[in-house]
$ cat data-v7.txt   # compact mmCIF, C-alpha atoms
# COMPACT_ATOMS: atom_id res chain seq x y z
CA MET S 1 3.97 3.43 5.05
CA ASP S 2 0.49 1.96 5.41
CA GLN S 3 -1.99 2.04 2.56
CA VAL S 4 -5.64 2.08 3.64
CA GLN S 5 -8.47 2.30 1.11
CA ALA S 6 -12.08 2.63 2.23
CA LYS S 7 -14.38 0.57 -0.02
CA GLN S 8 -17.76 0.60 1.70
CA VAL S 9 -20.17 3.49 2.16
CA PRO S 10 -21.08 4.03 5.81
CA PRO S 11 -24.80 4.19 6.65
CA GLY S 12 -26.43 7.53 5.94
CA GLN S 13 -23.49 8.97 3.96
CA ARG S 14 -23.31 10.30 0.38
CA TYR S 15 -20.19 11.21 -1.57
CA ILE S 16 -19.46 14.73 -2.80
CA PRO S 17 -16.47 15.90 -4.88
CA ARG S 18 -14.77 18.20 -2.34
CA PHE S 19 -14.68 19.20 1.30
CA ILE S 20 -17.17 21.62 2.80
CA ILE S 21 -15.17 23.89 5.09
CA TYR S 22 -16.49 24.50 8.58
CA ALA S 23 -15.05 26.99 11.08
CA GLU S 24 -17.48 27.37 13.96
CA PHE S 25 -15.51 30.21 15.55
CA GLY S 26 -13.93 31.58 12.39
CA ILE S 27 -10.55 30.68 10.93
CA PRO S 28 -7.81 31.58 13.42
CA LYS S 29 -4.64 33.48 12.64
CA VAL S 30 -1.59 31.26 13.01
CA ASP S 31 1.89 32.56 13.83
CA ILE S 32 3.85 29.50 12.72
CA GLY S 33 7.03 30.83 14.33
CA LYS S 34 5.38 30.72 17.75
CA TYR S 35 3.24 27.63 17.22
CA LYS S 36 3.58 24.79 19.75
CA LEU S 37 1.54 21.61 20.08
CA LYS S 38 1.42 20.78 23.79
CA VAL S 39 0.85 17.24 25.07
CA GLU S 40 -0.10 17.13 28.75
CA GLY S 41 -2.39 15.70 31.40
CA LEU S 42 -1.83 12.08 32.43
CA VAL S 43 1.60 11.72 30.84
CA GLU S 44 5.07 10.94 32.14
CA ARG S 45 6.64 13.65 29.98
CA ARG S 46 4.93 16.85 28.85
CA LEU S 47 5.75 17.67 25.23
CA GLU S 48 5.93 20.91 23.28
CA LEU S 49 6.34 20.32 19.55
CA ASN S 50 6.72 23.05 16.94
CA TYR S 51 5.84 22.67 13.28
CA GLU S 52 9.35 21.60 12.28
CA ASP S 53 9.31 18.95 15.03
CA LEU S 54 6.08 17.53 13.66
CA LYS S 55 7.46 17.38 10.12
CA LYS S 56 10.49 15.43 11.35
CA LEU S 57 8.25 12.94 13.17
CA VAL S 58 6.09 12.04 10.14
CA ASP S 59 5.67 8.26 10.03
CA LEU S 60 2.24 7.60 8.53
CA GLU S 61 0.60 8.02 5.13
CA TYR S 62 -2.49 6.38 3.68
CA VAL S 63 -5.63 6.91 1.58
CA SER S 64 -8.99 6.93 3.34
CA ASP S 65 -12.40 8.54 3.01
CA PHE S 66 -13.52 11.46 5.18
CA HIS S 67 -17.01 11.38 6.70
CA CYS S 68 -18.93 14.36 8.08
CA VAL S 69 -21.70 13.75 10.62
CA THR S 70 -24.04 15.88 8.49
CA GLY S 71 -24.07 13.08 5.90
CA TRP S 72 -21.46 13.96 3.26
CA SER S 73 -18.23 12.13 2.55
CA VAL S 74 -15.17 12.73 0.38
CA ALA S 75 -13.54 9.65 -1.12
CA ASP S 76 -9.89 8.68 -1.46
CA VAL S 77 -8.17 11.46 0.45
CA ARG S 78 -4.44 11.00 0.99
CA TRP S 79 -3.43 11.81 4.56
CA ARG S 80 0.14 12.25 5.80
CA GLY S 81 1.41 13.03 9.26
CA VAL S 82 2.44 11.69 12.66
CA SER S 83 0.69 8.75 14.25
CA LEU S 84 -1.04 9.68 17.50
CA ARG S 85 0.31 6.46 18.96
CA LYS S 86 3.86 7.70 18.36
CA ILE S 87 3.13 10.97 20.18
CA MET S 88 1.47 9.06 23.03
CA ASP S 89 4.52 6.82 23.37
CA MET S 90 6.86 9.83 23.37
CA ALA S 91 4.82 11.45 26.15
CA GLY S 92 4.40 8.21 28.10
CA VAL S 93 0.61 8.34 28.44
CA LYS S 94 -0.31 6.77 31.78
CA ASN S 95 -2.41 3.64 32.11
CA ASP S 96 -5.25 5.45 33.86
CA ALA S 97 -5.82 7.78 30.88
CA ARG S 98 -9.20 6.98 29.31
CA TRP S 99 -9.89 9.96 27.07
CA LEU S 100 -8.05 12.48 24.92
CA PHE S 101 -9.41 16.02 25.23
CA THR S 102 -8.28 18.14 22.26
CA ILE S 103 -8.14 21.94 22.36
CA SER S 104 -7.71 24.01 19.19
CA LEU S 105 -6.26 27.46 18.58
CA ASP S 106 -9.76 28.84 17.97
CA GLY S 107 -11.13 27.44 21.24
CA TYR S 108 -12.83 24.40 19.68
CA THR S 109 -12.73 21.23 21.78
CA THR S 110 -13.58 17.56 21.29
CA THR S 111 -13.12 14.29 23.18
CA THR S 112 -11.80 10.97 21.85
CA SER S 113 -11.64 7.62 23.62
CA ILE S 114 -8.15 6.36 24.40
CA GLU S 115 -8.85 3.26 22.29
CA ASP S 116 -9.58 5.39 19.24
CA ALA S 117 -6.56 7.61 19.91
CA ARG S 118 -4.37 4.49 19.98
CA ASP S 119 -5.75 3.17 16.69
CA PRO S 120 -2.77 2.63 14.34
CA ARG S 121 -4.41 4.93 11.75
CA ALA S 122 -5.10 7.82 14.16
CA MET S 123 -2.99 10.70 12.91
CA ILE S 124 -1.85 14.25 13.48
CA VAL S 125 -2.17 15.41 9.89
CA ILE S 126 0.15 17.95 8.30
CA GLU S 127 -0.54 17.16 4.61
CA ILE S 128 -3.62 16.34 2.54
CA ASN S 129 -3.35 15.01 -1.01
CA GLY S 130 0.38 15.66 -1.18
CA LYS S 131 0.25 19.28 -0.06
CA PRO S 132 0.60 20.99 3.34
CA LEU S 133 -2.69 21.75 5.04
CA THR S 134 -4.24 25.03 4.03
CA ILE S 135 -5.36 27.30 6.83
CA GLU S 136 -8.99 26.37 5.98
CA GLN S 137 -8.13 22.68 6.36
CA GLY S 138 -6.52 23.17 9.76
CA PHE S 139 -2.92 24.33 9.23
CA PRO S 140 -0.55 23.66 10.87
CA ALA S 141 -1.96 20.38 12.21
CA ARG S 142 -5.25 18.56 12.66
CA ILE S 143 -6.48 15.18 13.87
CA PHE S 144 -7.82 12.45 11.59
CA ILE S 145 -9.19 9.05 12.68
CA PRO S 146 -10.80 7.28 9.70
CA HIS S 147 -13.57 5.45 11.52
CA LEU S 148 -14.80 8.54 13.41
CA TYR S 149 -16.93 11.39 12.12
CA GLY S 150 -15.11 14.54 11.10
CA TRP S 151 -16.03 16.62 14.14
CA LYS S 152 -13.68 14.43 16.18
CA GLY S 153 -10.84 15.49 13.89
CA ALA S 154 -10.14 18.90 15.39
CA LYS S 155 -8.35 21.42 13.19
CA TRP S 156 -5.68 23.93 14.31
CA ILE S 157 -4.81 21.70 17.27
CA GLU S 158 -2.95 23.30 20.15
CA ARG S 159 -3.23 21.00 23.18
CA LEU S 160 -3.71 17.25 23.61
CA VAL S 161 -4.80 16.58 27.20
CA PHE S 162 -5.02 12.99 28.44
CA ILE S 163 -7.59 12.55 31.20
CA ASP S 164 -9.17 9.74 33.24
CA HIS S 165 -12.84 10.77 32.88
CA TYR S 166 -15.16 11.79 30.08
CA VAL S 167 -15.63 15.50 29.31
CA ASP S 168 -17.93 16.98 26.66
CA GLY S 169 -16.29 18.92 23.87
CA TYR S 170 -18.05 21.61 21.85
CA TRP S 171 -20.35 19.39 19.77
CA GLU S 172 -20.70 16.72 22.45
CA GLU S 173 -22.19 19.42 24.70
CA ARG S 174 -24.77 19.98 21.99
CA GLY S 175 -25.89 16.36 21.87
CA TYR S 176 -23.36 14.70 19.58
CA HIS S 177 -22.16 11.22 20.47
CA GLU S 178 -19.35 10.60 22.94
CA ARG S 179 -17.48 8.33 20.52
CA GLY S 180 -18.74 9.14 16.99
CA ASN S 181 -18.05 5.89 15.15
CA VAL S 182 -19.04 6.24 11.48
CA TRP S 183 -19.81 2.57 10.90
CA GLU S 184 -22.03 2.36 13.98
CA GLU S 185 -23.73 5.63 12.95
CA GLU S 186 -23.01 7.16 16.32
CA ARG S 187 -24.16 10.67 15.42
CA PHE S 188 -26.01 11.67 18.57
CA LYS S 189 -26.12 10.63 22.20
CA GLY S 190 -28.57 7.87 23.06
CA SER S 191 -32.04 8.29 24.48
CA SER S 192 -30.62 7.48 27.91
CA GLY S 193 -29.62 11.14 28.07
CA ARG S 194 -26.06 10.43 29.14
CA HIS S 195 -24.87 14.05 29.07
CA LEU S 196 -21.71 14.10 31.10
CA ARG S 197 -20.92 17.78 31.42
CA ARG S 198 -17.94 17.76 33.70
CA ARG S 199 -15.02 20.02 32.85
CA VAL S 200 -11.31 19.45 33.13
CA ALA S 201 -10.12 21.83 35.84
CA GLY S 202 -7.63 24.22 34.32
CA PHE S 203 -8.00 22.90 30.77
CA THR S 204 -11.18 24.66 29.51
$ encode --input "data-v7.txt" --output "structure tokens"
Amino acid sequence: MDQVQAKQVPPGQRYIPRFIIYAEFGIPKVDIGKYKLKVEGLVERRLELNYEDLKKLVDLEYVSDFHCVTGWSVADVRWRGVSLRKIMDMAGVKNDARWLFTISLDGYTTTTSIEDARDPRAMIVIEINGKPLTIEQGFPARIFIPHLYGWKGAKWIERLVFIDHYVDGYWEERGYHERGNVWEEERFKGSSGRHLRRRVAGFT
């Protein structure tokens, strides 16, 4: 499995010893026996994966820092889970897909470019630091992409919807950047005011 170690400090970030837990809509209740991660939209094959399916598909583990857009970071976190690229290949994501719209059990949403979703380190996480996710950390599964700010890493993920146009998620609607690259310090949308507020019919 890959080993990735972040060495540089991104602009505007400071390190703290542990995660600050955010739950904008409160921490949802999870019935793991009924849980399904659905993969849909511009795909050849719609998928429904339960928690045991995800555990069997684990193919990626590495160490990387976590960066929150509010300016704090946690160093040397060990992440383990299923590569997003593997899930995309299983579903047969179509060539005209340009964005991944993620919907969580609590109603949270966020949007990720297809290039970032295909990054070899992009992961559906089921373990942090050698232990299964806690409910506060997003159990049963969350997204992590090392070079993006944490708000792109939705917790409690329920649906991955591949689409051909940009759609604001929860924080993007409130002025956060479409992409959210940590190293480019893409915290907020540019002064051009490019607020694309279209919705995905039937998905929101």
$ closest_residue --input "data-v7.txt" --among "S:Thr109, S:Gln13, S:Ser104, S:Asn95" --to "S:Phe139" --atoms "only C-alpha atoms"
S:Ser104
$ residues_around --input "data-v7.txt" --residues "S:Phe101" --least-positions-apart "6" --cutoff "12 Å" --atoms "all atoms listed in the file" --output "number ranges by chain"
S: 38-42, 108-114, 117, 143, 152-154, 157-170, 172, 178, 199-200, 203-204
$ atom_distance --input "data-v7.txt" --atom1 "atom CA of S:Cys68" --atom2 "atom CA of S:Leu84"
20.8 Å
$ atom_distance --input "data-v7.txt" --atom1 "atom CA of S:Ile135" --atom2 "atom CA of S:Ile27"
7.4 Å
$ residues_around --input "data-v7.txt" --residues "S:Val58" --least-positions-apart "5" --cutoff "8 Å" --atoms "all atoms listed in the file" --output "NGL selection string"
:S and (80-83)
$ atom_distance --input "data-v7.txt" --atom1 "atom CA of S:Gly26" --atom2 "atom CA of S:Thr102"
17.6 Å
$ residues_near_point --input "data-v7.txt" --point "(6.2, 17.3, 17.8)" --cutoff "10 Å" --atoms "all atoms listed in the file" --output "list of chain:residue names"
S:Lys36, S:Leu37, S:Lys38, S:Val39, S:Leu47, S:Glu48, S:Leu49, S:Asn50, S:Tyr51, S:Glu52, S:Asp53, S:Leu54, S:Lys55, S:Lys56, S:Leu57, S:Val58, S:Val82, S:Lys86, S:Ile87, S:Met90, S:Ile124
$ residues_around --input "data-v7.txt" --residues "S:Tyr15" --least-positions-apart "4" --cutoff "12 Å" --atoms "all atoms listed in the file" --output "number ranges by chain"
S: 8-11, 19-20, 65-68, 70-76
$ decode --input "data-v7.txt" --residues "stretch 40-52 of chain S" --atoms "N, CA, C and O atoms" --output "PDB file, in the first residue's frame"
ATOM      1  N   GLU S  40     -24.097   6.695  -8.395  1.00  0.00           N
ATOM      2  CA  GLU S  40     -25.081   6.871  -9.455  1.00  0.00           C
ATOM      3  C   GLU S  40     -24.756   8.096 -10.295  1.00  0.00           C
ATOM      4  O   GLU S  40     -23.682   8.673 -10.185  1.00  0.00           O
ATOM      5  N   GLY S  41     -25.678   8.477 -11.153  1.00  0.00           N
ATOM      6  CA  GLY S  41     -25.457   9.591 -12.061  1.00  0.00           C
ATOM      7  C   GLY S  41     -24.913   9.092 -13.386  1.00  0.00           C
ATOM      8  O   GLY S  41     -25.432   8.132 -13.972  1.00  0.00           O
ATOM      9  N   LEU S  42     -23.839   9.706 -13.870  1.00  0.00           N
ATOM     10  CA  LEU S  42     -23.251   9.356 -15.158  1.00  0.00           C
ATOM     11  C   LEU S  42     -22.320   8.154 -15.009  1.00  0.00           C
ATOM     12  O   LEU S  42     -21.095   8.262 -15.058  1.00  0.00           O
ATOM     13  N   VAL S  43     -22.932   7.000 -14.806  1.00  0.00           N
ATOM     14  CA  VAL S  43     -22.189   5.750 -14.634  1.00  0.00           C
ATOM     15  C   VAL S  43     -22.822   4.670 -15.505  1.00  0.00           C
ATOM     16  O   VAL S  43     -24.006   4.726 -15.827  1.00  0.00           O
ATOM     17  N   GLU S  44     -22.025   3.686 -15.867  1.00  0.00           N
ATOM     18  CA  GLU S  44     -22.548   2.539 -16.622  1.00  0.00           C
ATOM     19  C   GLU S  44     -23.307   1.574 -15.719  1.00  0.00           C
ATOM     20  O   GLU S  44     -24.258   0.915 -16.148  1.00  0.00           O
ATOM     21  N   ARG S  45     -22.864   1.497 -14.453  1.00  0.00           N
ATOM     22  CA  ARG S  45     -23.454   0.554 -13.510  1.00  0.00           C
ATOM     23  C   ARG S  45     -23.676   1.253 -12.173  1.00  0.00           C
ATOM     24  O   ARG S  45     -22.715   1.688 -11.540  1.00  0.00           O
ATOM     25  N   ARG S  46     -24.918   1.372 -11.755  1.00  0.00           N
ATOM     26  CA  ARG S  46     -25.198   1.922 -10.430  1.00  0.00           C
ATOM     27  C   ARG S  46     -24.769   0.914  -9.366  1.00  0.00           C
ATOM     28  O   ARG S  46     -24.992  -0.292  -9.508  1.00  0.00           O
ATOM     29  N   LEU S  47     -24.154   1.416  -8.309  1.00  0.00           N
ATOM     30  CA  LEU S  47     -23.675   0.545  -7.236  1.00  0.00           C
ATOM     31  C   LEU S  47     -24.420   0.841  -5.947  1.00  0.00           C
ATOM     32  O   LEU S  47     -24.810   1.978  -5.686  1.00  0.00           O
ATOM     33  N   GLU S  48     -24.593  -0.194  -5.132  1.00  0.00           N
ATOM     34  CA  GLU S  48     -25.048  -0.065  -3.755  1.00  0.00           C
ATOM     35  C   GLU S  48     -24.129  -0.929  -2.908  1.00  0.00           C
ATOM     36  O   GLU S  48     -24.128  -2.154  -3.041  1.00  0.00           O
ATOM     37  N   LEU S  49     -23.341  -0.296  -2.062  1.00  0.00           N
ATOM     38  CA  LEU S  49     -22.333  -0.995  -1.278  1.00  0.00           C
ATOM     39  C   LEU S  49     -22.639  -0.844   0.202  1.00  0.00           C
ATOM     40  O   LEU S  49     -22.805   0.276   0.698  1.00  0.00           O
ATOM     41  N   ASN S  50     -22.727  -1.973   0.924  1.00  0.00           N
ATOM     42  CA  ASN S  50     -22.909  -1.879   2.366  1.00  0.00           C
ATOM     43  C   ASN S  50     -21.542  -1.792   3.051  1.00  0.00           C
ATOM     44  O   ASN S  50     -20.494  -1.811   2.400  1.00  0.00           O
ATOM     45  N   TYR S  51     -21.571  -1.720   4.364  1.00  0.00           N
ATOM     46  CA  TYR S  51     -20.324  -1.527   5.106  1.00  0.00           C
ATOM     47  C   TYR S  51     -19.374  -2.708   4.930  1.00  0.00           C
ATOM     48  O   TYR S  51     -18.158  -2.524   4.766  1.00  0.00           O
ATOM     49  N   GLU S  52     -19.904  -3.919   4.916  1.00  0.00           N
ATOM     50  CA  GLU S  52     -19.056  -5.094   4.723  1.00  0.00           C
ATOM     51  C   GLU S  52     -18.439  -5.092   3.329  1.00  0.00           C
ATOM     52  O   GLU S  52     -17.284  -5.493   3.153  1.00  0.00           O
TER      53      GLU S  52
END
